[in-house]
$ cat my_file_17.tsv   # TSV, C-alpha atoms
chain	number	residue	atom	x	y	z
A	1	SER	CA	25.26	4.41	-8.10
A	2	HIS	CA	26.26	8.03	-7.64
A	3	ALA	CA	29.43	7.60	-9.76
A	4	ALA	CA	27.46	6.02	-12.63
A	5	VAL	CA	24.92	8.86	-12.65
A	6	LYS	CA	27.74	11.39	-12.61
A	7	THR	CA	29.33	9.68	-15.64
A	8	ILE	CA	26.05	9.47	-17.57
A	9	CYS	CA	25.37	13.17	-16.92
A	10	GLY	CA	28.88	14.26	-17.90
A	11	GLY	CA	30.02	15.29	-14.40
A	12	GLY	CA	28.65	17.25	-11.49
A	13	ASP	CA	27.22	16.04	-8.21
A	14	ASN	CA	23.63	17.32	-8.17
A	15	HIS	CA	21.57	14.93	-10.28
A	16	HIS	CA	19.37	13.17	-7.73
A	17	PHE	CA	15.95	14.35	-6.65
A	18	ASP	CA	13.38	13.42	-4.02
A	19	VAL	CA	9.83	14.80	-3.86
A	20	GLU	CA	7.45	14.44	-0.95
A	21	VAL	CA	4.00	13.59	-2.30
A	22	THR	CA	1.28	15.94	-1.03
A	23	ASN	CA	-2.46	15.28	-0.76
A	24	GLU	CA	-2.99	17.61	-3.72
A	25	MET	CA	-0.61	15.50	-5.83
A	26	VAL	CA	-2.43	12.30	-4.85
A	27	ASP	CA	-5.77	13.88	-5.82
A	28	ALA	CA	-4.37	14.93	-9.21
A	29	ILE	CA	-2.91	11.47	-9.86
A	30	GLN	CA	-6.18	9.77	-8.98
A	31	GLU	CA	-8.18	12.18	-11.13
A	32	GLY	CA	-5.79	11.47	-14.01
A	33	ASP	CA	-4.65	8.06	-15.25
A	34	GLY	CA	-3.03	6.94	-11.96
A	35	SER	CA	0.54	7.42	-13.14
A	36	VAL	CA	3.37	9.80	-12.29
A	37	TYR	CA	5.20	11.40	-15.21
A	38	VAL	CA	8.70	12.85	-14.75
A	39	TYR	CA	10.38	15.11	-17.30
A	40	GLY	CA	13.87	16.53	-17.45
A	41	LEU	CA	13.87	20.20	-18.46
A	42	ASP	CA	16.61	21.27	-20.83
A	43	THR	CA	18.76	24.01	-19.24
A	44	LEU	CA	18.96	25.97	-22.49
A	45	GLY	CA	15.30	25.56	-23.34
A	46	GLY	CA	14.15	24.92	-26.84
A	47	GLU	CA	11.12	23.37	-28.46
A	48	GLY	CA	10.94	19.59	-28.07
A	49	LYS	CA	14.01	19.27	-25.82
A	50	ASN	CA	12.15	18.36	-22.62
A	51	ARG	CA	11.70	14.60	-22.58
A	52	PRO	CA	10.28	12.04	-20.16
A	53	LEU	CA	12.97	10.49	-17.97
A	54	GLY	CA	13.67	6.77	-18.21
A	55	ARG	CA	10.98	4.53	-16.68
A	56	SER	CA	8.48	7.40	-16.79
A	57	PRO	CA	5.54	7.12	-16.36
A	58	GLN	CA	5.24	4.87	-13.33
A	59	PRO	CA	2.00	3.72	-11.70
A	60	PHE	CA	1.41	5.53	-8.41
A	61	ASN	CA	-0.61	2.80	-6.71
A	62	GLU	CA	1.64	-0.05	-7.76
A	63	PHE	CA	0.92	-2.64	-5.08
A	64	ALA	CA	-2.29	-4.38	-4.10
A	65	THR	CA	-2.88	-4.84	-0.39
A	66	LYS	CA	-1.47	-8.02	1.08
A	67	GLY	CA	-2.01	-9.92	4.27
A	68	TYR	CA	-3.00	-13.14	5.94
A	69	LEU	CA	-5.80	-14.41	8.16
A	70	ASP	CA	-3.73	-16.43	10.67
A	71	SER	CA	-6.43	-17.97	12.85
A	72	VAL	CA	-10.10	-17.90	13.73
A	73	ALA	CA	-11.29	-19.18	17.11
A	74	GLY	CA	-12.67	-16.81	19.76
A	75	THR	CA	-10.79	-14.12	17.85
A	76	ALA	CA	-9.76	-13.56	14.25
A	77	LYS	CA	-6.05	-12.72	13.99
A	78	GLY	CA	-3.83	-11.79	11.08
A	79	TRP	CA	-1.90	-9.05	9.37
A	80	ALA	CA	-2.44	-6.70	6.42
A	81	CYS	CA	-0.57	-3.86	4.70
A	82	ASP	CA	-0.24	-1.77	1.56
A	83	GLN	CA	3.32	-1.63	0.23
A	84	ASP	CA	2.54	1.68	-1.48
A	85	ASP	CA	2.62	3.23	2.01
A	86	PRO	CA	4.11	0.61	4.35
A	87	LEU	CA	4.39	2.92	7.36
A	88	LYS	CA	0.59	3.33	7.56
A	89	SER	CA	-1.86	0.91	9.11
A	90	ILE	CA	-4.74	-0.10	6.85
A	91	GLN	CA	-8.38	-0.97	7.37
A	92	VAL	CA	-9.36	-4.65	7.24
A	93	ASN	CA	-12.91	-5.91	6.65
A	94	LEU	CA	-13.78	-9.39	7.92
A	95	TYR	CA	-16.80	-11.10	6.35
A	96	PHE	CA	-18.64	-13.92	8.09
A	97	GLY	CA	-20.57	-16.58	6.17
A	98	GLY	CA	-19.37	-15.60	2.69
A	99	PRO	CA	-16.93	-13.36	0.80
A	100	ALA	CA	-17.45	-9.62	0.32
A	101	GLY	CA	-20.86	-9.02	-1.21
A	102	SER	CA	-22.34	-12.31	-0.05
A	103	GLY	CA	-21.42	-12.59	3.64
A	104	SER	CA	-24.21	-11.61	5.99
A	105	TYR	CA	-22.04	-9.83	8.55
A	106	MET	CA	-18.93	-7.65	8.37
A	107	ILE	CA	-16.58	-6.27	11.02
A	108	GLU	CA	-14.21	-3.40	10.21
A	109	THR	CA	-10.92	-3.10	12.06
A	110	MET	CA	-7.50	-1.54	11.65
A	111	ALA	CA	-4.32	-3.56	11.15
A	112	SER	CA	-2.54	-1.35	13.68
A	113	GLU	CA	-1.20	-3.74	16.31
A	114	PRO	CA	2.57	-4.30	16.62
A	115	SER	CA	3.92	-6.83	14.12
A	116	GLU	CA	7.03	-8.94	14.05
A	117	HIS	CA	10.08	-8.43	11.83
A	118	GLY	CA	8.94	-11.00	9.23
A	119	VAL	CA	5.67	-9.12	8.60
A	120	LYS	CA	7.59	-5.84	8.45
A	121	ASN	CA	9.81	-7.33	5.73
A	122	LEU	CA	6.82	-8.62	3.72
A	123	CYS	CA	5.20	-5.17	3.91
A	124	GLY	CA	8.33	-3.21	3.00
A	125	GLY	CA	8.50	-1.46	6.39
A	126	GLY	CA	6.33	-0.29	9.23
A	127	ASP	CA	5.86	-1.78	12.67
A	128	ASN	CA	2.06	-2.01	13.07
A	129	HIS	CA	0.37	-4.38	10.60
A	130	ARG	CA	-1.37	-6.91	12.86
A	131	TYR	CA	-5.08	-7.08	13.69
A	132	ILE	CA	-7.12	-8.99	16.24
A	133	VAL	CA	-10.92	-9.03	16.39
A	134	GLU	CA	-13.16	-10.58	19.03
A	135	ILE	CA	-15.76	-12.78	17.34
A	136	ASP	CA	-19.14	-12.01	18.90
A	137	GLU	CA	-22.28	-14.18	18.76
A	138	THR	CA	-23.68	-12.27	15.77
A	139	ALA	CA	-20.52	-12.95	13.74
A	140	ARG	CA	-20.45	-16.60	14.83
A	141	ALA	CA	-24.11	-17.08	13.84
A	142	ALA	CA	-23.56	-15.36	10.47
A	143	ALA	CA	-20.66	-17.70	9.69
A	144	LEU	CA	-22.60	-20.81	10.71
A	145	ASN	CA	-25.73	-19.75	8.79
A	146	GLY	CA	-23.64	-18.95	5.70
A	147	ASP	CA	-20.86	-21.08	4.27
A	148	GLY	CA	-19.14	-21.54	7.65
A	149	MET	CA	-16.14	-19.42	6.65
A	150	VAL	CA	-14.53	-16.12	7.66
A	151	TYR	CA	-12.97	-13.95	4.93
A	152	ALA	CA	-10.52	-11.10	5.39

$ encode --input "my_file_17.tsv" --output "C-alpha cells"
Amino acid sequence: SHAAVKTICGGGDNHHFDVEVTNEMVDAIQEGDGSVYVYGLDTLGGEGKNRPLGRSPQPFNEFATKGYLDSVAGTAKGWACDQDDPLKSIQVNLYFGGPAGSGSYMIETMASEPSEHGVKNLCGGGDNHRYIVEIDETARAAALNGDGMVYA
C-alpha cells in the first residue's frame, strides 16, 4: 500500500514508478537474458550504493500462451491469448492430421473476435481473444488422412 511504502522509505509521497515499455526495450531484453533489472540509485552517489530493487530481476516474457479449442465441426472455434500482453490479439495455428511438425496442413488465423467476460478474466484483460476458422476440404482431408485430429 502507499502508506507502507511511505513508512519503508522514511516518508515522502513520490516512491512509485511506471515505465512504458518501448520496442527498443523489448529488443534489448530479447537480445539479453530475457529479464528486466531494476536498480535504485542512491541520491548521494557513492561506489557500491546502487543496488537491485527487491524482486529484481523479473522475467519479461513470464507467461506462456493459453487457450482452448472449443469445437471442430464445419468450423474450428476457440480462444487464445498471451497474458504478457492481454490487450493484444495473438496468432493461432491450427494443424490438421497431426501436431505441429507432423500435421500435413496448417491454417493461420488471429484470435481477434469478441470474447466473453470469462475468457477476458482467464487472459488478464482484453476483449478480443476468440477465433473461428472455416474448415475447407483440404483441411478435412488432411485430418482424415493423418491421425484424424485437429490441433491448435

$ residues_near_point --input "my_file_17.tsv" --point "(19.8, 15.6, -6.9)" --cutoff "12 Å" --atoms "all atoms listed in the file" --output "JSON, numbers by chain"
{"A": [2, 5, 6, 9, 12, 13, 14, 15, 16, 17, 18, 19]}

$ closest_residue --input "my_file_17.tsv" --among "A:Leu94, A:Ala28, A:Ala80, A:Ala141" --to "A:Ser112" --atoms "all atoms listed in the file"
A:Ala80

$ axis_aligned_box --input "my_file_17.tsv" --around "stretch 105-109 of chain A" --padding-each-side "4 Å" --output "JSON"
{"center_x": -16.5, "center_y": -6.5, "center_z": 10.2, "size_x": 19.1, "size_y": 14.7, "size_z": 11.7}

$ residues_around --input "my_file_17.tsv" --residues "A:Arg55" --least-positions-apart "5" --cutoff "12 Å" --atoms "all atoms listed in the file" --output "short mmCIF file (atom, residue, chain, number, x, y, z; two decimals) with C-alpha atoms, in the coordinates of the input"
data_model
loop_
_atom_site.label_atom_id
_atom_site.label_comp_id
_atom_site.auth_asym_id
_atom_site.auth_seq_id
_atom_site.Cartn_x
_atom_site.Cartn_y
_atom_site.Cartn_z
CA SER A 35 0.54 7.42 -13.14
CA VAL A 36 3.37 9.80 -12.29
CA TYR A 37 5.20 11.40 -15.21
CA VAL A 38 8.70 12.85 -14.75
CA TYR A 39 10.38 15.11 -17.30
#

$ atom_distance --input "my_file_17.tsv" --atom1 "atom CA of A:Gly67" --atom2 "atom CA of A:Pro114"
14.3 Å

$ atom_distance --input "my_file_17.tsv" --atom1 "atom CA of A:Tyr95" --atom2 "atom CA of A:Thr138"
11.7 Å
